[in-house]
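This is final_17.txt. It holds compact mmCIF, C-alpha atoms.
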```txt
# COMPACT_ATOMS: atom_id res chain seq x y z
CA MET A 1 20.34 18.92 -76.56
CA SER A 2 19.21 21.97 -78.51
CA GLY A 3 15.90 21.34 -80.25
CA SER A 4 15.12 18.26 -78.14
CA ARG A 5 12.16 18.08 -75.79
CA SER A 6 14.57 18.23 -72.83
CA GLY A 7 16.44 21.15 -74.36
CA ASP A 8 13.29 23.15 -74.85
CA LEU A 9 12.17 22.58 -71.24
CA VAL A 10 15.62 23.43 -69.88
CA ALA A 11 15.70 26.67 -71.86
CA ARG A 12 12.28 27.65 -70.52
CA SER A 13 13.36 26.76 -67.00
CA LEU A 14 16.50 28.88 -67.18
CA ARG A 15 14.45 31.83 -68.42
CA SER A 16 11.87 31.59 -65.63
CA VAL A 17 13.02 29.49 -62.63
CA TRP A 18 15.62 30.37 -60.00
CA HIS A 19 16.92 26.94 -58.98
CA PRO A 20 17.83 26.23 -55.33
CA CYS A 21 21.34 25.74 -53.95
CA THR A 22 22.73 26.66 -57.37
CA GLN A 23 25.05 29.22 -58.90
CA MET A 24 22.83 29.76 -61.94
CA ARG A 25 25.74 30.67 -64.20
CA HIS A 26 27.02 27.10 -63.89
CA HIS A 27 23.96 25.99 -65.87
CA GLU A 28 25.48 27.61 -68.95
CA THR A 29 27.80 24.60 -69.14
CA SER A 30 25.92 22.07 -66.98
CA PRO A 31 22.21 22.42 -67.75
CA PRO A 32 19.63 20.94 -65.37
CA ILE A 33 18.07 17.60 -66.22
CA ALA A 34 14.49 17.92 -67.46
CA VAL A 35 12.59 15.14 -65.68
CA ALA A 36 9.47 13.95 -67.52
CA HIS A 37 8.38 11.00 -65.38
CA ALA A 38 9.68 8.64 -62.71
CA HIS A 39 9.02 5.23 -61.23
CA GLY A 40 10.76 3.29 -58.49
CA ALA A 41 14.40 4.36 -58.24
CA TRP A 42 14.48 5.76 -61.79
CA LEU A 43 14.00 9.28 -63.11
CA HIS A 44 13.42 9.64 -66.87
CA ASP A 45 14.05 12.78 -68.90
CA ALA A 46 11.98 14.08 -71.78
CA ASP A 47 14.34 12.48 -74.35
CA GLY A 48 14.20 8.98 -72.86
CA ARG A 49 17.40 8.98 -70.84
CA ARG A 50 17.20 7.57 -67.31
CA TYR A 51 18.93 8.29 -64.00
CA PHE A 52 19.11 6.06 -60.93
CA ASP A 53 18.10 8.19 -57.94
CA ALA A 54 20.91 7.18 -55.58
CA ILE A 55 20.31 10.08 -53.18
CA SER A 56 16.51 9.78 -52.91
CA SER A 57 15.99 13.20 -54.53
CA TRP A 58 17.68 15.18 -51.76
CA TRP A 59 17.06 12.46 -49.16
CA VAL A 60 13.25 12.50 -49.28
CA ASN A 61 12.05 9.68 -51.54
CA LEU A 62 12.05 6.64 -49.26
CA PHE A 63 9.91 4.16 -51.21
CA GLY A 64 10.48 5.06 -54.83
CA HIS A 65 8.82 7.48 -57.18
CA THR A 66 5.11 7.08 -58.00
CA ASN A 67 4.75 4.51 -55.23
CA ALA A 68 1.43 2.68 -55.75
CA ARG A 69 0.43 2.68 -52.08
CA ILE A 70 1.16 6.35 -51.45
CA ASN A 71 -0.50 7.27 -54.75
CA HIS A 72 -3.65 5.40 -53.77
CA ALA A 73 -3.76 7.01 -50.31
CA LEU A 74 -3.43 10.50 -51.76
CA LYS A 75 -6.09 9.92 -54.41
CA ASP A 76 -8.46 8.72 -51.69
CA GLN A 77 -7.67 11.71 -49.46
CA LEU A 78 -8.07 14.13 -52.35
CA ASP A 79 -11.75 13.23 -52.59
CA ARG A 80 -12.25 13.65 -48.83
CA LEU A 81 -10.39 16.77 -47.69
CA GLU A 82 -7.57 18.62 -49.43
CA HIS A 83 -7.00 21.30 -46.78
CA ALA A 84 -8.52 23.03 -43.77
CA MET A 85 -6.89 25.51 -41.44
CA LEU A 86 -5.60 23.87 -38.28
CA ALA A 87 -6.35 26.86 -36.04
CA GLY A 88 -9.72 26.07 -34.53
CA PHE A 89 -10.15 22.91 -36.66
CA THR A 90 -8.67 19.42 -36.81
CA HIS A 91 -8.94 16.36 -39.03
CA GLU A 92 -8.25 12.64 -39.01
CA PRO A 93 -4.90 12.57 -40.89
CA VAL A 94 -3.17 15.08 -38.61
CA VAL A 95 -4.52 13.44 -35.44
CA ALA A 96 -3.67 9.90 -36.56
CA LEU A 97 -0.17 10.91 -37.66
CA SER A 98 0.52 12.66 -34.35
CA GLU A 99 -0.71 9.61 -32.42
CA LYS A 100 1.38 7.16 -34.42
CA LEU A 101 4.57 9.20 -34.13
CA SER A 102 4.12 9.58 -30.39
CA ALA A 103 3.65 5.82 -30.10
CA LEU A 104 6.86 5.25 -32.10
CA ALA A 105 8.63 7.46 -29.55
CA GLY A 106 7.25 5.40 -26.69
CA HIS A 107 5.07 8.40 -25.76
CA ALA A 108 8.16 10.17 -24.44
CA LEU A 109 7.42 12.79 -27.12
CA GLY A 110 4.06 13.96 -28.37
CA HIS A 111 1.95 17.00 -29.27
CA CYS A 112 3.35 17.35 -32.79
CA PHE A 113 3.57 20.90 -34.13
CA PHE A 114 3.42 20.91 -37.93
CA ALA A 115 5.14 23.00 -40.59
CA SER A 116 6.27 22.57 -44.19
CA ASP A 117 10.05 22.10 -44.37
CA GLY A 118 13.06 21.26 -42.27
CA ALA A 119 14.28 24.80 -41.65
CA SER A 120 10.80 25.76 -40.44
CA ALA A 121 10.84 22.86 -37.99
CA VAL A 122 14.18 24.04 -36.63
CA GLU A 123 12.81 27.58 -36.28
CA ILE A 124 9.85 26.20 -34.32
CA ALA A 125 12.08 24.19 -31.97
CA LEU A 126 14.33 27.19 -31.28
CA LYS A 127 11.39 29.48 -30.62
CA MET A 128 9.61 26.91 -28.47
CA SER A 129 12.71 26.35 -26.37
CA ALA A 130 13.36 30.01 -25.60
CA HIS A 131 9.66 30.73 -25.09
CA ALA A 132 9.21 27.75 -22.77
CA TRP A 133 12.05 29.00 -20.58
CA ARG A 134 10.52 32.50 -20.61
CA ASN A 135 7.12 31.15 -19.56
CA ALA A 136 8.84 29.27 -16.74
CA GLY A 137 10.46 32.45 -15.47
CA HIS A 138 13.89 31.96 -17.05
CA GLY A 139 13.84 34.64 -19.73
CA GLY A 140 17.62 34.87 -19.71
CA LYS A 141 17.87 31.49 -21.40
CA ARG A 142 17.79 32.51 -25.05
CA GLU A 143 21.19 31.42 -26.41
CA PHE A 144 21.91 28.27 -28.40
CA ILE A 145 24.80 25.91 -28.96
CA CYS A 146 25.38 24.13 -32.27
CA LEU A 147 28.24 21.96 -33.49
CA GLN A 148 31.20 22.82 -35.67
CA GLY A 149 30.16 22.29 -39.28
CA ALA A 150 26.48 22.15 -38.33
CA TYR A 151 23.78 22.73 -40.92
CA HIS A 152 20.16 23.15 -39.84
CA GLY A 153 18.55 25.07 -42.70
CA GLU A 154 18.65 28.40 -44.46
CA THR A 155 15.98 30.57 -42.87
CA LEU A 156 17.47 33.20 -40.57
CA GLY A 157 16.80 31.37 -37.30
CA ALA A 158 18.11 28.09 -38.68
CA LEU A 159 21.18 29.82 -40.13
CA GLY A 160 21.83 31.19 -36.67
CA VAL A 161 22.62 27.64 -35.51
CA THR A 162 24.40 26.69 -38.75
CA ASP A 163 28.19 26.65 -38.90
CA THR A 164 28.58 26.15 -42.64
CA ALA A 165 30.28 29.28 -43.98
CA LEU A 166 29.03 28.90 -47.55
CA PHE A 167 25.43 29.31 -46.41
CA ARG A 168 25.94 31.56 -43.40
CA GLU A 169 28.49 34.23 -44.31
CA PRO A 170 26.43 36.31 -46.77
CA TYR A 171 23.80 36.87 -44.08
CA GLU A 172 26.04 37.19 -41.03
CA GLY A 173 24.81 40.68 -40.22
CA LEU A 174 21.21 39.47 -40.08
CA LEU A 175 21.81 36.53 -37.76
CA ARG A 176 21.70 36.00 -34.02
CA ALA A 177 25.04 34.47 -33.07
CA SER A 178 25.17 31.05 -31.45
CA HIS A 179 27.95 29.23 -29.62
CA VAL A 180 29.84 26.52 -31.52
CA ALA A 181 31.01 23.34 -29.80
CA ALA A 182 33.49 20.90 -31.29
CA SER A 183 32.12 18.30 -33.68
CA PRO A 184 32.37 14.60 -32.78
CA ASP A 185 33.28 13.86 -36.43
CA ALA A 186 35.34 10.67 -36.28
CA ARG A 187 37.53 11.92 -39.16
CA GLN A 188 39.11 14.41 -36.74
CA ALA A 189 40.92 11.67 -34.83
CA GLN A 190 44.58 12.50 -34.25
CA PRO A 191 47.29 9.81 -34.46
CA GLY A 192 46.66 7.33 -31.70
CA GLU A 193 43.12 8.55 -31.08
CA SER A 194 39.93 6.52 -31.55
CA ALA A 195 36.53 7.76 -32.65
CA ALA A 196 35.47 7.49 -28.99
CA ASP A 197 38.33 9.83 -28.04
CA VAL A 198 37.06 12.42 -30.54
CA GLU A 199 33.58 12.15 -29.04
CA GLN A 200 34.92 12.71 -25.53
CA ARG A 201 36.85 15.79 -26.68
CA ALA A 202 33.67 17.11 -28.29
CA LEU A 203 31.66 16.51 -25.12
CA ALA A 204 34.31 18.33 -23.08
CA SER A 205 34.02 21.30 -25.47
CA LEU A 206 30.26 21.29 -25.07
CA GLU A 207 30.50 21.11 -21.28
CA ARG A 208 32.84 24.11 -21.17
CA LEU A 209 30.32 26.20 -23.10
CA LEU A 210 27.46 25.05 -20.88
CA GLN A 211 29.50 25.95 -17.78
CA GLN A 212 30.54 29.35 -19.13
CA ARG A 213 27.03 30.32 -20.22
CA GLN A 214 25.01 28.50 -17.56
CA GLY A 215 21.72 30.29 -17.05
CA HIS A 216 21.82 31.65 -20.61
CA ILE A 217 21.74 28.52 -22.82
CA ALA A 218 18.24 27.60 -23.93
CA ALA A 219 19.17 24.54 -25.99
CA VAL A 220 21.84 22.48 -27.71
CA ILE A 221 20.97 21.41 -31.25
CA VAL A 222 22.55 18.35 -32.89
CA GLU A 223 22.05 16.10 -35.90
CA PRO A 224 22.10 12.63 -34.32
CA LEU A 225 24.70 10.18 -35.67
CA VAL A 226 25.39 11.97 -38.98
CA GLN A 227 26.06 15.65 -39.70
CA CYS A 228 24.87 15.32 -43.26
CA ALA A 229 25.69 18.61 -44.99
CA SER A 230 29.06 18.61 -43.22
CA GLY A 231 30.29 15.89 -45.54
CA MET A 232 28.41 13.06 -43.81
CA ALA A 233 30.39 13.47 -40.59
CA MET A 234 29.53 10.47 -38.42
CA HIS A 235 29.69 9.84 -34.68
CA GLY A 236 28.57 7.16 -32.28
CA ALA A 237 25.48 6.84 -30.12
CA ALA A 238 27.52 7.35 -26.95
CA TYR A 239 28.03 10.98 -27.95
CA LEU A 240 24.26 11.55 -28.04
CA ALA A 241 23.88 10.01 -24.60
CA GLY A 242 26.58 12.38 -23.42
CA VAL A 243 24.77 15.40 -24.86
CA ARG A 244 21.58 14.34 -23.10
CA ARG A 245 23.46 13.97 -19.80
CA LEU A 246 25.07 17.40 -20.12
CA CYS A 247 21.82 19.12 -21.06
CA ASP A 248 20.18 17.63 -18.00
CA ALA A 249 23.09 18.60 -15.76
CA TYR A 250 23.21 22.23 -16.91
CA GLY A 251 19.51 22.88 -17.43
CA ALA A 252 19.41 23.17 -21.23
CA HIS A 253 17.03 21.64 -23.75
CA MET A 254 18.29 19.12 -26.30
CA ILE A 255 17.04 19.58 -29.87
CA ALA A 256 17.51 16.60 -32.19
CA ASP A 257 17.44 17.63 -35.84
CA GLU A 258 16.37 14.32 -37.39
CA ILE A 259 15.21 15.96 -40.62
CA ALA A 260 17.72 13.99 -42.70
CA VAL A 261 18.67 11.18 -40.31
CA GLY A 262 15.22 10.15 -39.08
CA CYS A 263 12.62 7.91 -40.73
CA GLY A 264 14.91 4.88 -40.74
CA ARG A 265 17.86 6.51 -42.50
CA THR A 266 20.42 5.63 -39.81
CA GLY A 267 19.03 2.15 -39.08
CA SER A 268 16.37 2.85 -36.45
CA PHE A 269 13.23 4.86 -37.12
CA PHE A 270 14.47 7.69 -34.91
CA ALA A 271 18.26 8.07 -34.78
CA CYS A 272 18.09 8.92 -31.06
CA GLU A 273 16.77 5.45 -30.30
CA GLN A 274 20.27 4.05 -30.82
CA ALA A 275 21.51 6.06 -27.85
CA GLY A 276 18.60 5.03 -25.63
CA ILE A 277 17.64 8.68 -25.09
CA TRP A 278 14.94 11.14 -26.15
CA PRO A 279 15.56 14.83 -26.75
CA ASP A 280 13.29 17.61 -25.59
CA PHE A 281 12.48 18.48 -29.20
CA LEU A 282 12.71 16.21 -32.23
CA CYS A 283 12.44 17.68 -35.75
CA LEU A 284 11.29 15.54 -38.69
CA SER A 285 10.85 16.35 -42.36
CA LYS A 286 12.22 15.03 -45.70
CA GLY A 287 11.33 11.31 -45.71
CA ILE A 288 8.28 11.58 -43.46
CA SER A 289 6.00 12.19 -46.46
CA GLY A 290 7.91 9.78 -48.70
CA GLY A 291 9.05 12.63 -50.91
CA TYR A 292 5.53 13.49 -51.99
CA LEU A 293 4.55 16.73 -50.28
CA PRO A 294 6.21 19.38 -48.10
CA LEU A 295 5.81 18.40 -44.45
CA SER A 296 7.78 18.92 -41.28
CA LEU A 297 6.99 18.66 -37.61
CA VAL A 298 8.40 19.09 -34.13
CA MET A 299 7.69 16.58 -31.39
CA THR A 300 8.26 17.62 -27.79
CA ARG A 301 7.85 16.49 -24.19
CA ASP A 302 4.70 17.02 -22.15
CA ALA A 303 6.56 19.40 -19.83
CA ILE A 304 7.31 21.72 -22.75
CA TYR A 305 3.68 21.65 -23.90
CA GLU A 306 2.47 22.37 -20.37
CA ALA A 307 4.75 25.44 -20.14
CA PHE A 308 2.51 27.10 -22.76
CA TYR A 309 -0.82 25.89 -21.33
CA ASP A 310 -2.33 29.01 -19.76
CA ASP A 311 -5.27 31.42 -19.89
CA ASP A 312 -2.90 34.15 -21.08
CA VAL A 313 -2.72 34.11 -24.89
CA ARG A 314 0.75 35.64 -24.70
CA LYS A 315 2.02 32.43 -23.13
CA GLY A 316 0.67 30.39 -26.05
CA PHE A 317 2.87 29.31 -28.94
CA LEU A 318 1.49 31.51 -31.71
CA HIS A 319 3.73 30.38 -34.56
CA SER A 320 1.70 29.37 -37.63
CA HIS A 321 1.54 29.08 -41.38
CA SER A 322 -1.41 28.62 -43.68
CA TYR A 323 -0.75 24.98 -44.59
CA THR A 324 0.03 23.69 -41.10
CA GLY A 325 -0.95 20.01 -40.85
CA ASN A 326 -2.12 19.78 -44.46
CA PRO A 327 -4.36 16.67 -44.77
CA LEU A 328 -2.79 15.47 -48.03
CA ALA A 329 0.75 15.67 -46.66
CA CYS A 330 -0.30 13.98 -43.41
CA ARG A 331 -2.07 11.20 -45.32
CA ALA A 332 1.08 10.57 -47.35
CA ALA A 333 3.04 10.38 -44.09
CA LEU A 334 0.53 7.92 -42.62
CA GLU A 335 1.02 5.65 -45.61
CA VAL A 336 4.79 5.93 -45.20
CA LEU A 337 4.44 4.72 -41.60
CA ALA A 338 2.12 1.91 -42.75
CA ILE A 339 4.72 0.73 -45.28
CA PHE A 340 7.38 0.71 -42.57
CA GLU A 341 5.19 -1.55 -40.44
CA ASP A 342 3.69 -3.81 -43.11
CA ASP A 343 6.96 -4.47 -44.97
CA ASP A 344 9.31 -4.64 -41.95
CA VAL A 345 11.37 -2.00 -43.69
CA LEU A 346 14.05 -1.60 -41.03
CA ALA A 347 14.88 -5.32 -41.13
CA ARG A 348 14.89 -5.31 -44.94
CA ASN A 349 17.18 -2.28 -44.94
CA ARG A 350 19.69 -4.12 -42.74
CA VAL A 351 19.90 -6.92 -45.30
CA PHE A 352 20.38 -4.47 -48.17
CA ALA A 353 22.93 -2.44 -46.19
CA GLU A 354 25.14 -5.50 -45.78
CA ALA A 355 24.98 -6.17 -49.51
CA MET A 356 25.68 -2.54 -50.40
CA THR A 357 28.64 -2.31 -48.04
CA GLU A 358 30.07 -5.52 -49.47
CA ALA A 359 29.63 -4.28 -53.05
CA LEU A 360 31.42 -1.02 -52.21
CA GLN A 361 34.52 -2.69 -50.76
CA PRO A 362 36.68 -2.22 -53.89
CA LEU A 363 36.01 1.51 -53.64
CA ALA A 364 36.51 1.51 -49.88
CA HIS A 365 40.03 0.08 -50.29
CA ASP A 366 41.02 2.29 -53.21
CA PRO A 367 44.10 4.37 -52.23
CA ARG A 368 42.40 7.40 -53.80
CA ILE A 369 39.63 7.10 -51.17
CA ALA A 370 39.75 7.93 -47.45
CA ASN A 371 37.36 7.48 -44.52
CA PHE A 372 34.89 4.99 -45.96
CA ARG A 373 31.98 4.95 -43.51
CA GLN A 374 28.39 3.81 -43.17
CA ALA A 375 25.43 4.45 -40.87
CA GLY A 376 22.26 2.54 -41.69
CA MET A 377 21.27 3.54 -45.22
CA ILE A 378 23.98 6.19 -45.61
CA TRP A 379 27.37 5.47 -47.17
CA ALA A 380 30.15 8.03 -47.59
CA CYS A 381 33.82 8.31 -48.44
CA ASP A 382 36.22 11.14 -49.23
CA ALA A 383 38.08 11.45 -52.51
CA VAL A 384 41.77 12.25 -52.08
CA ILE A 385 41.91 15.12 -54.56
CA ASP A 386 44.58 17.49 -53.18
CA GLY A 387 42.48 20.62 -53.56
CA GLN A 388 41.31 20.02 -57.13
CA PRO A 389 38.51 22.54 -57.78
CA GLY A 390 35.12 21.57 -59.13
CA PHE A 391 35.26 17.91 -58.10
CA SER A 392 31.63 17.67 -57.04
CA ARG A 393 30.29 19.24 -60.25
CA ARG A 394 32.52 17.06 -62.45
CA PHE A 395 31.50 13.96 -60.51
CA ALA A 396 27.78 14.77 -60.77
CA ALA A 397 28.08 15.30 -64.54
CA GLU A 398 29.99 12.05 -65.05
CA ALA A 399 27.51 10.21 -62.81
CA ALA A 400 24.65 11.41 -65.03
CA ARG A 401 26.48 9.99 -68.05
CA ASN A 402 26.53 6.69 -66.15
CA GLU A 403 22.76 6.85 -65.42
CA LEU A 404 23.23 7.98 -61.82
CA LEU A 405 21.89 10.88 -59.79
CA LEU A 406 24.70 11.65 -57.35
CA ARG A 407 25.74 15.04 -55.89
CA PRO A 408 28.95 14.91 -53.81
CA ILE A 409 29.39 17.38 -50.96
CA GLY A 410 32.77 18.86 -51.75
CA SER A 411 35.09 15.85 -51.96
CA THR A 412 32.64 13.58 -50.11
CA ILE A 413 30.90 10.99 -52.27
CA TYR A 414 27.80 9.65 -50.58
CA LEU A 415 24.78 7.41 -51.12
CA MET A 416 21.31 7.75 -49.61
CA PRO A 417 19.28 5.39 -51.79
CA PRO A 418 15.56 4.63 -51.45
CA TYR A 419 14.47 1.67 -49.33
CA ILE A 420 13.30 -0.49 -52.25
CA LEU A 421 16.56 -1.96 -53.55
CA ASP A 422 17.96 -5.50 -53.56
CA ARG A 423 21.37 -7.18 -53.82
CA GLN A 424 21.40 -6.96 -57.60
CA ASP A 425 20.80 -3.22 -57.38
CA ALA A 426 23.68 -2.94 -54.90
CA VAL A 427 26.12 -4.65 -57.27
CA TRP A 428 25.01 -2.52 -60.24
CA LEU A 429 25.12 0.71 -58.23
CA ALA A 430 28.58 0.03 -56.80
CA GLU A 431 29.95 -0.77 -60.27
CA ARG A 432 28.55 2.46 -61.75
CA ILE A 433 29.92 4.54 -58.88
CA ARG A 434 33.37 2.99 -59.36
CA ARG A 435 33.18 3.64 -63.10
CA THR A 436 32.22 7.26 -62.44
CA PHE A 437 34.97 7.76 -59.87
CA ASP A 438 37.65 6.30 -62.14
CA ALA A 439 36.62 8.54 -65.04
CA VAL A 440 36.65 11.69 -62.90
CA MET A 441 40.01 10.93 -61.30
CA GLU A 442 41.65 9.99 -64.60
CA ALA A 443 40.46 13.25 -66.20
CA ALA A 444 41.77 15.42 -63.35
```
Here is the file; what I need is its structure written in the form of structure tokens.
Amino acid sequence: MSGSRSGDLVARSLRSVWHPCTQMRHHETSPPIAVAHAHGAWLHDADGRRYFDAISSWWVNLFGHTNARINHALKDQLDRLEHAMLAGFTHEPVVALSEKLSALAGHALGHCFFASDGASAVEIALKMSAHAWRNAGHGGKREFICLQGAYHGETLGALGVTDTALFREPYEGLLRASHVAASPDARQAQPGESAADVEQRALASLERLLQQRQGHIAAVIVEPLVQCASGMAMHGAAYLAGVRRLCDAYGAHMIADEIAVGCGRTGSFFACEQAGIWPDFLCLSKGISGGYLPLSLVMTRDAIYEAFYDDDVRKGFLHSHSYTGNPLACRAALEVLAIFEDDDVLARNRVFAEAMTEALQPLAHDPRIANFRQAGMIWACDAVIDGQPGFSRRFAAEAARNELLLRPIGSTIYLMPPYILDRQDAVWLAERIRRTFDAVMEAA
């Protein structure tokens, strides 16, 4: 690559950019890909090579790169209003987006509070929960429960409710400890147990914590249906209904982290819909802006909002950042919602999901694969690798040689493709994944 356009850009990047979620020394042998342009599901590097974006660029790019509709909306908004502070001001994109999201939640949730990224949304929900209890005269409720293997972001508050050692351990001394309940991960089923049995065990674990710390727990935070960073650990909707029931019974808020699993990713627009429940706080980010601009938000119930509604400024929710409710990001999100409605995206996704699952069956039945699973537009399986180190890095490198952008989580191979694919894409994608998997396993 030395001397190529990509090589030059990579060299400059490694001299000046600290890349996220990366041990930078690994780039000595596995340099980053220098993306020059993109369209649809394809990323193209500066030397003309292409890569099929099978994980939607970290789960954000719902309708393909350089989407004509979102591009047009942003160009129009750019000539109207690029930004205005949201303290003391408002504007059409942020109002319209808040209205539309509340309507999608059947008006059970509303009053969106805006931020920039998923971890920030989690921070807001945690702070809102504890502060709402304080305003209501229950200042002792300031502890949280998360799930085993949970990941909710990497700011300090979000890490406090994260149970992923790789991210949490270096900062343990800076964090406020939370309680950890058992995960409903169906892969934990013991011989003779069903996935429903695992969920019931997890609910019993949660109830014990709520009983032991009753009067102290502010909220329980969960990723509905799929714990993504925990190797795409999946559970059923009945578990969510159980969490809602327990939170109601023991006087705790329920926080649904739908940052990765919302916006249609699990089959319904909001994952919680599949359980027939609404949380007290719902966090969105990633796909809400179609992968265009940083945007996150927290939706909450009227009762939470009213707990802060007072003449006393100290009872207000004073969290803020400079780009809260940015008009460009909100306009991109509005166009994302319009595409969902105009193109009946959820129905189209169901058709594609059937084709993708069918195309992946040879991999699903490979004896070197365990726990093939699917939820909406997420597919995952676990490579049987007997502790081989470096599997995910080797797989990602081989995938790139096969024109794929894929980044396994440990031994978990997963797909989160954009919502613009058809049956032919499914067949091609499944064949390339199988080719990649075979090459990696044969080289081990």
Sorted by chain and rising residue number, list the residues of segment 204-322 of chain A at most 10 Å from segment 410-425 of chain A (counting all atoms listed in the file), each with its closest atom pair and distance in Å to one decimal, as a Markdown table.
```
| residue | atom | partner | partner_atom | distance |
| --- | --- | --- | --- | --- |
| A:Cys228 | CA | A:Tyr414 | CA | 9.7 |
| A:Ala229 | CA | A:Gly410 | CA | 9.8 |
| A:Ser230 | CA | A:Thr412 | CA | 9.3 |
| A:Gly231 | CA | A:Thr412 | CA | 5.6 |
| A:Met232 | CA | A:Tyr414 | CA | 7.6 |
| A:Ala233 | CA | A:Thr412 | CA | 9.8 |
| A:Ala260 | CA | A:Met416 | CA | 10.0 |
| A:Gly264 | CA | A:Tyr419 | CA | 9.2 |
| A:Arg265 | CA | A:Met416 | CA | 8.0 |
| A:Gly287 | CA | A:Pro418 | CA | 9.8 |
| A:Gly290 | CA | A:Pro418 | CA | 9.6 |
```
Pick from A:Gly139, A:Trp379, A:His235, A:Ile217 nearest to Ala189 of chain A, counting all atoms listed in the file | A:His235
Shortest interatomic distance to Ala347 of chain A - which of A:Gly137, A:Gly267, A:Gly64, A:Gly192, counting all atoms listed in the file =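 Closest residue, counting all atoms listed in the file: A:Gly267.
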Which residue of A:Gly236, A:Pro184, A:Gly316, A:Pro170 approaches Ala132 of chain A most closely, using all atoms listed in the file |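 Comparing A:Gly236, A:Pro184, A:Gly316, A:Pro170 against Ala132 of chain A, the winner is A:Gly316.
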Around the point (32.7, 19.4, -58.0) in the file's coordinates, collect all residues with an atom within 10 Å, using all atoms listed in the file, and return them as a count of residues only.
-> 17
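In this comparison, which uses all atoms listed in the file, the residue of A:Asn135, A:Ser296, A:Asn371, A:Ser322 approaching Phe113 of chain A most closely is A:Ser296.
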Straight-line distance linking atom CA of Glu92 of chain A with atom CA of Ala333 of chain A, stated in Å to one decimal =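 Result for atom CA of Glu92 of chain A versus atom CA of Ala333 of chain A: 12.6 Å, one decimal.
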Å distance separating atom CA of Cys112 of chain A from atom CA of Asn349 of chain A, one decimal place =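 A separation of 26.9 Å between them.
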Find the residues near segment 197-201 of chain A: any atom within 12 Å, counting all atoms listed in the file, skip ones fewer than 5 places away on the same chain, and give them as number ranges by chain.
-> A: 181-192, 206-208, 225, 234-243
For the selection you just gave me, I'd like the residues written to a file as a PDB file, in the frame of the given file, keeping C-alpha atoms.
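Result file is part-v6.pdb:
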```pdb
ATOM      1  CA  ALA A 181      31.010  23.340 -29.800  1.00  0.00           C
ATOM      2  CA  ALA A 182      33.490  20.900 -31.290  1.00  0.00           C
ATOM      3  CA  SER A 183      32.120  18.300 -33.680  1.00  0.00           C
ATOM      4  CA  PRO A 184      32.370  14.600 -32.780  1.00  0.00           C
ATOM      5  CA  ASP A 185      33.280  13.860 -36.430  1.00  0.00           C
ATOM      6  CA  ALA A 186      35.340  10.670 -36.280  1.00  0.00           C
ATOM      7  CA  ARG A 187      37.530  11.920 -39.160  1.00  0.00           C
ATOM      8  CA  GLN A 188      39.110  14.410 -36.740  1.00  0.00           C
ATOM      9  CA  ALA A 189      40.920  11.670 -34.830  1.00  0.00           C
ATOM     10  CA  GLN A 190      44.580  12.500 -34.250  1.00  0.00           C
ATOM     11  CA  PRO A 191      47.290   9.810 -34.460  1.00  0.00           C
ATOM     12  CA  GLY A 192      46.660   7.330 -31.700  1.00  0.00           C
ATOM     13  CA  LEU A 206      30.260  21.290 -25.070  1.00  0.00           C
ATOM     14  CA  GLU A 207      30.500  21.110 -21.280  1.00  0.00           C
ATOM     15  CA  ARG A 208      32.840  24.110 -21.170  1.00  0.00           C
ATOM     16  CA  LEU A 225      24.700  10.180 -35.670  1.00  0.00           C
ATOM     17  CA  MET A 234      29.530  10.470 -38.420  1.00  0.00           C
ATOM     18  CA  HIS A 235      29.690   9.840 -34.680  1.00  0.00           C
ATOM     19  CA  GLY A 236      28.570   7.160 -32.280  1.00  0.00           C
ATOM     20  CA  ALA A 237      25.480   6.840 -30.120  1.00  0.00           C
ATOM     21  CA  ALA A 238      27.520   7.350 -26.950  1.00  0.00           C
ATOM     22  CA  TYR A 239      28.030  10.980 -27.950  1.00  0.00           C
ATOM     23  CA  LEU A 240      24.260  11.550 -28.040  1.00  0.00           C
ATOM     24  CA  ALA A 241      23.880  10.010 -24.600  1.00  0.00           C
ATOM     25  CA  GLY A 242      26.580  12.380 -23.420  1.00  0.00           C
ATOM     26  CA  VAL A 243      24.770  15.400 -24.860  1.00  0.00           C
TER      27      VAL A 243
END
```
Rounded to one decimal place, report the atom CA of His131 of chain A-atom CA of Ala219 of chain A distance in Å.
->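 Distance reported for this atom pair: 11.4 Å.
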Skip Asp47 of chain A itself and residues of its chain fewer than 6 positions away, then list as a ChimeraX atom specification all residues within 12 Å of it, counting all atoms listed in the file.
-> /A:1-10,33-37
Option closest in space to Tyr51 of chain A, from A:Ala400, A:Ile433, A:Ala271, A:Leu109 [counting all atoms listed in the file] = A:Ala400
Selection near segment 247-252 of chain A, 8 Å with only C-alpha atoms, sequence-local residues under 6 positions removed, as a VMD selection string | chain A and resid 210 to 211 214 to 215 217 to 220
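Candidate residues A:Ile124, A:Leu74, A:Leu62, A:Ala46 were compared for distance to Phe317 of chain A, and the nearest is A:Ile124, using only C-alpha atoms.
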Long-range neighbours of Leu404 of chain A as a ChimeraX atom specification, 8 Å cut-off, all atoms listed in the file, 4 positions minimum in chain = /A:51-54,399-400,432
Requested write-out: C-alpha atoms of the selected residues, as a PDB file, in the frame of the given file:
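Contents of result.pdb, as written:
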```
ATOM      1  CA  TYR A  51      18.930   8.290 -64.000  1.00  0.00           C
ATOM      2  CA  PHE A  52      19.110   6.060 -60.930  1.00  0.00           C
ATOM      3  CA  ASP A  53      18.100   8.190 -57.940  1.00  0.00           C
ATOM      4  CA  ALA A  54      20.910   7.180 -55.580  1.00  0.00           C
ATOM      5  CA  ALA A 399      27.510  10.210 -62.810  1.00  0.00           C
ATOM      6  CA  ALA A 400      24.650  11.410 -65.030  1.00  0.00           C
ATOM      7  CA  ARG A 432      28.550   2.460 -61.750  1.00  0.00           C
TER       8      ARG A 432
END
```
